[in-house]
Amino acid sequence: MTGYLLYQAGAGTMAPDRLPILRNIILEIRLPRIATAILVGSALSASGATYQALFVNPLVSPGLLGVLAGASFGSALGLVLFKGWFAIQVATFLGGVTAVALALFLAGAQRNANVTMLLLGGIVSGALFTSLVSVIKYLADPYNQLPAITYWLMGNLAMADRTTAFATGIPIGAGVLVLMLLSRPLNVLSMGDDEARSLGIDVQRVRMTAIVCATLVSALTVVLAGIIGWVGMIIPHIARMIVGPDNETLIPVAALLGATYLLMVDNISRLLFSFELPIGIATAVVGIPFFMAVLKRTRKGWY
Amino acid sequence: MSLLALDTVSFSFGARTVLDGISLSVGQGEVAALLGPNGSGKTTLLRLMLGLLSPDAGTVTLGGTDLRRLHRPELARQMAYVPQAHRETFAYRVRDIVLMGRQPHRPFLGPAGAEDRRIVAEALERLGISHLAERSYTEISGGERQLALIARAMAQQARIVVMDEPTNGLDYGNQVRLLERIKALAREGNTFIFSTHHPDHALAVASRVVTMRHGGIVSDGPPGTLDEATLGIIYQVKVHLVPVVEGVRVCVPALHMEQ
């Protein structure tokens, strides 16, 4: 059976000693890349949908509290300081978590932060880490390190490897699952804090759990693939236009749609030109016309 | 028998004292109207009653238990909040908004049960907005949104419904229709506490009128005991309470009588 399939795929005309190479390409390169695209697409979309519900604003993205800026800084610092890829990955993750922790601290979240304070904390933290990335770029060796940093921050699925995909797959899956479980309280929370409280929601606990999970999965997407913009903002938006604003269906649908979308865009970015277009650019280039088409079809339900 | 009681409650935002030694109790089946000028502390008082704020001094008790000792879901099963109609949310269907009232009764996981759906349908029916069930909350009018929020409070099956200026921003017809609904629901035994800027609304539906000024209570009693002097004190304008028919009075500013 397998032999037949391989024959059909053209492997029959191939010398038998080349089969291990084929196996290698599929298992070590293609599959991890597919898994990475699925993980990153679903994680960014689910956390984007969550933030949109938390901040009652359809225009926010997973980077709102600074996680992407912080992780960028971690990556840049790692690329300058460390040789090993693992150390860089750890720096990336810690950078993302640190930036959100700073945003929460600035917002006074240990007491009882409202949405506006969180937003301000996120803006300040994001701006700080964005400028720190510039500092590192400025100080970095312009022949090797600077191009590496710039290229990585454009988003890149080519670094996908089996070990990282496995290691991050479990926490990303768990994080997205928790966000889905929080969907009903998130619905109530988007009516405003006072109403949510009087409907029996522990606002502070739901909000902090959602932020922690969204931060965790977003930071891990940067570990896997650098900065991939637009997905986390546009996909939840498109999902909302398709299935409506109820988070109980919206978050799972956004996750599925995000996974599909990133997989599709990755194929386009690999195959469209003779060179590989960085995925972060491709998501925006493909995403914007797609978004405009959907927007034109659905006039109502913007909010 | 007092259901919700405030005992010498004080509250301040920083150095500004908003409420000063307020004592008030509301019994089962009462409809209490809160009258007072802007900044007199009505909204703060409602927020304290709902447990959204904690008093600096004094206690707020529900059925004899301090609010601070009740968990959110437990409190939500006893007391519902109808805020001023707003639209700053996503385009949820009206049915889904009303279903949110079931939140404190539902387990953490799982879809809405047949019982929840029945209660939601019944709440929509009681408010006369069944035809709006599938419409989006952001598309309906302010008056319809207010009715949807009251339906949500009904689905919450709470003993007390607290409303912050329920008629605010509604056209004249919707104001009257809303008051009719409140009166009808009160007859079924629901307890209402609401704030309003219209003495007439208090006179029309309340069984009890509480007037406030500068964070203190000026008068508290059945609507029949509300007098012109009290309204003059709280609003600092001259008004007349004019009998229309036996037992029915309306509030008319002195301005109407000027030639």
# chains A, B, ... in the order shown; residues from 1 in each chain; ligands from 1
call {"tool": "closest_atom_pairs", "arguments": {"of": "chain B", "to": "chain A", "cutoff": "10 Å", "atoms": "only C-alpha atoms", "output": "JSON lines"}}
result
{"residue": "B:Arg47", "atom": "CA", "partner": "A:Asp194", "partner_atom": "CA", "distance": 8.7}
{"residue": "B:Leu50", "atom": "CA", "partner": "A:Ser198", "partner_atom": "CA", "distance": 7.0}
{"residue": "B:Gly51", "atom": "CA", "partner": "A:Ser198", "partner_atom": "CA", "distance": 8.2}
{"residue": "B:Leu52", "atom": "CA", "partner": "A:Asp194", "partner_atom": "CA", "distance": 6.8}
{"residue": "B:Leu53", "atom": "CA", "partner": "A:Asp194", "partner_atom": "CA", "distance": 9.9}
{"residue": "B:His71", "atom": "CA", "partner": "A:Gly200", "partner_atom": "CA", "distance": 8.0}
{"residue": "B:Arg72", "atom": "CA", "partner": "A:Gly200", "partner_atom": "CA", "distance": 4.5}
{"residue": "B:Pro73", "atom": "CA", "partner": "A:Gly200", "partner_atom": "CA", "distance": 3.9}
{"residue": "B:Glu74", "atom": "CA", "partner": "A:Gly200", "partner_atom": "CA", "distance": 7.2}
{"residue": "B:Leu75", "atom": "CA", "partner": "A:Gly200", "partner_atom": "CA", "distance": 7.0}
{"residue": "B:Ala76", "atom": "CA", "partner": "A:Gly200", "partner_atom": "CA", "distance": 5.0}
{"residue": "B:Arg77", "atom": "CA", "partner": "A:Gly200", "partner_atom": "CA", "distance": 7.8}
{"residue": "B:Gln78", "atom": "CA", "partner": "A:Ser198", "partner_atom": "CA", "distance": 9.8}
{"residue": "B:Met79", "atom": "CA", "partner": "A:Ser198", "partner_atom": "CA", "distance": 7.5}
{"residue": "B:Ala80", "atom": "CA", "partner": "A:Ser198", "partner_atom": "CA", "distance": 6.3}
{"residue": "B:Tyr81", "atom": "CA", "partner": "A:Ser198", "partner_atom": "CA", "distance": 6.1}
{"residue": "B:Val82", "atom": "CA", "partner": "A:Glu195", "partner_atom": "CA", "distance": 8.0}
{"residue": "B:Pro83", "atom": "CA", "partner": "A:Glu195", "partner_atom": "CA", "distance": 7.4}
{"residue": "B:His86", "atom": "CA", "partner": "A:Met191", "partner_atom": "CA", "distance": 9.1}
{"residue": "B:Arg87", "atom": "CA", "partner": "A:Met191", "partner_atom": "CA", "distance": 8.9}
{"residue": "B:Glu88", "atom": "CA", "partner": "A:Val56", "partner_atom": "CA", "distance": 7.6}
{"residue": "B:Thr89", "atom": "CA", "partner": "A:Met191", "partner_atom": "CA", "distance": 5.9}
{"residue": "B:Phe90", "atom": "CA", "partner": "A:Tyr303", "partner_atom": "CA", "distance": 4.9}
{"residue": "B:Ala91", "atom": "CA", "partner": "A:Gly301", "partner_atom": "CA", "distance": 5.7}
{"residue": "B:Tyr92", "atom": "CA", "partner": "A:Pro245", "partner_atom": "CA", "distance": 6.0}
{"residue": "B:Arg93", "atom": "CA", "partner": "A:Asp246", "partner_atom": "CA", "distance": 8.8}
{"residue": "B:Asp96", "atom": "CA", "partner": "A:Asp246", "partner_atom": "CA", "distance": 8.2}
{"residue": "B:Ile97", "atom": "CA", "partner": "A:Val188", "partner_atom": "CA", "distance": 8.4}
{"residue": "B:Leu99", "atom": "CA", "partner": "A:Val188", "partner_atom": "CA", "distance": 9.9}
{"residue": "B:Met100", "atom": "CA", "partner": "A:Val188", "partner_atom": "CA", "distance": 6.5}
{"residue": "B:Gly101", "atom": "CA", "partner": "A:Leu199", "partner_atom": "CA", "distance": 6.5}
{"residue": "B:Arg102", "atom": "CA", "partner": "A:Leu199", "partner_atom": "CA", "distance": 8.2}
{"residue": "B:Gln103", "atom": "CA", "partner": "A:Leu199", "partner_atom": "CA", "distance": 6.4}
{"residue": "B:Pro104", "atom": "CA", "partner": "A:Gly200", "partner_atom": "CA", "distance": 5.2}
{"residue": "B:His105", "atom": "CA", "partner": "A:Gly200", "partner_atom": "CA", "distance": 9.0}
{"residue": "B:Phe108", "atom": "CA", "partner": "A:Leu181", "partner_atom": "CA", "distance": 8.4}
{"residue": "B:Leu109", "atom": "CA", "partner": "A:Leu181", "partner_atom": "CA", "distance": 7.4}
{"residue": "B:Gly110", "atom": "CA", "partner": "A:Leu181", "partner_atom": "CA", "distance": 9.6}
{"residue": "B:Pro111", "atom": "CA", "partner": "A:Glu248", "partner_atom": "CA", "distance": 9.3}
{"residue": "B:Ser136", "atom": "CA", "partner": "A:Gly301", "partner_atom": "CA", "distance": 8.1}
{"residue": "B:Thr138", "atom": "CA", "partner": "A:Tyr303", "partner_atom": "CA", "distance": 8.0}
{"residue": "B:Glu139", "atom": "CA", "partner": "A:Gly301", "partner_atom": "CA", "distance": 9.0}
{"residue": "B:Arg152", "atom": "CA", "partner": "A:Leu199", "partner_atom": "CA", "distance": 9.7}
{"residue": "B:Ala153", "atom": "CA", "partner": "A:Leu199", "partner_atom": "CA", "distance": 9.0}
{"residue": "B:Gln156", "atom": "CA", "partner": "A:Leu199", "partner_atom": "CA", "distance": 7.9}
call {"tool": "residues_around", "arguments": {"residues": "range 144-155 of chain A", "least_positions_apart": "3", "cutoff": "12 Å", "atoms": "only C-alpha atoms", "output": "PyMOL selection string"}}
result
chain A and resi 37+40+68-83+88-89+92+130+133-141+158-160+221-231+262+266+269+276-284
call {"tool": "residues_around", "arguments": {"residues": "range 198-202 of chain B", "least_positions_apart": "6", "cutoff": "7 Å", "atoms": "only C-alpha atoms", "output": "ChimeraX atom specification"}}
result
/B:33,35,209,250-251
call {"tool": "atom_distance", "arguments": {"atom1": "CA of Ile150 in chain B", "atom2": "CA of Gly41 in chain B"}}
result
23.1 Å
call {"tool": "residues_around", "arguments": {"residues": "range 124-127 of chain B", "least_positions_apart": "5", "cutoff": "12 Å", "atoms": "only C-alpha atoms", "output": "PyMOL selection string"}}
result
chain B and resi 94-99+101+117-119+132-134+143-155+177-185+188
call {"tool": "residues_around", "arguments": {"residues": "range 241-249 of chain B", "least_positions_apart": "4", "cutoff": "8 Å", "atoms": "only C-alpha atoms", "output": "JSON, numbers by chain"}}
result
{"B": [203, 224, 227, 228]}
call {"tool": "select_by_dssp", "arguments": {"residues": "range 96-283 of chain A", "states": "alpha helix (DSSP H)", "output": "PyMOL selection string"}}
result
chain A and resi 96-106+115-139+145-153+162-181+183-189+193-198+203-225+231-243+247-271+279-283
call {"tool": "atom_distance", "arguments": {"atom1": "CA of Phe105 in chain A", "atom2": "CA of Leu118 in chain A"}}
result
9.1 Å
call {"tool": "atom_distance", "arguments": {"atom1": "CA of Phe194 in chain B", "atom2": "CA of Glu115 in chain B"}}
result
29.2 Å
call {"tool": "residues_around", "arguments": {"residues": "range 214-218 of chain A", "least_positions_apart": "3", "cutoff": "7 Å", "atoms": "only C-alpha atoms", "output": "number ranges by chain"}}
result
A: 43-44, 47, 62, 67, 97, 172, 175, 210-211, 221-222
call {"tool": "closest_residue", "arguments": {"among": "B:Arg159, B:Lys238, B:His214, B:His256", "to": "Leu3 in chain B", "atoms": "only C-alpha atoms"}}
result
B:Arg159
call {"tool": "residues_around", "arguments": {"residues": "Ile235 in chain A", "least_positions_apart": "4", "cutoff": "8 Å", "atoms": "only C-alpha atoms", "output": "list in words"}}
result
Ser45, Trp230, Val231, Ala239, Ala254, Leu257 and Gly258 of chain A
call {"tool": "write_last_selection", "arguments": {"atoms": "N, CA, C and O atoms", "output": "PDB file, in the first residue's frame"}}
result
ATOM      1  N   SER A  45      -4.573  33.581  16.924  1.00  0.00           N
ATOM      2  CA  SER A  45      -5.977  33.913  16.700  1.00  0.00           C
ATOM      3  C   SER A  45      -6.801  33.765  17.972  1.00  0.00           C
ATOM      4  O   SER A  45      -7.646  34.609  18.277  1.00  0.00           O
ATOM      5  N   TRP A 230      -0.677  40.670  12.081  1.00  0.00           N
ATOM      6  CA  TRP A 230      -1.979  40.663  11.424  1.00  0.00           C
ATOM      7  C   TRP A 230      -2.866  39.477  11.745  1.00  0.00           C
ATOM      8  O   TRP A 230      -4.067  39.651  11.870  1.00  0.00           O
ATOM      9  N   VAL A 231      -2.297  38.268  11.862  1.00  0.00           N
ATOM     10  CA  VAL A 231      -3.126  37.077  12.079  1.00  0.00           C
ATOM     11  C   VAL A 231      -3.990  37.252  13.328  1.00  0.00           C
ATOM     12  O   VAL A 231      -5.200  37.034  13.296  1.00  0.00           O
ATOM     13  N   ALA A 239     -13.517  35.738  11.853  1.00  0.00           N
ATOM     14  CA  ALA A 239     -14.306  34.690  12.506  1.00  0.00           C
ATOM     15  C   ALA A 239     -15.588  35.277  13.083  1.00  0.00           C
ATOM     16  O   ALA A 239     -16.664  34.685  12.973  1.00  0.00           O
ATOM     17  N   ALA A 254     -12.002  30.823  15.556  1.00  0.00           N
ATOM     18  CA  ALA A 254     -10.840  31.670  15.253  1.00  0.00           C
ATOM     19  C   ALA A 254      -9.564  30.825  15.258  1.00  0.00           C
ATOM     20  O   ALA A 254      -8.698  30.982  14.382  1.00  0.00           O
ATOM     21  N   LEU A 257      -9.526  28.719  12.079  1.00  0.00           N
ATOM     22  CA  LEU A 257      -9.351  29.583  10.920  1.00  0.00           C
ATOM     23  C   LEU A 257      -7.908  30.093  10.863  1.00  0.00           C
ATOM     24  O   LEU A 257      -7.292  30.143   9.792  1.00  0.00           O
ATOM     25  N   GLY A 258      -7.367  30.446  12.026  1.00  0.00           N
ATOM     26  CA  GLY A 258      -5.992  30.949  12.094  1.00  0.00           C
ATOM     27  C   GLY A 258      -5.002  29.895  11.660  1.00  0.00           C
ATOM     28  O   GLY A 258      -4.046  30.168  10.908  1.00  0.00           O
TER      29      GLY A 258
END
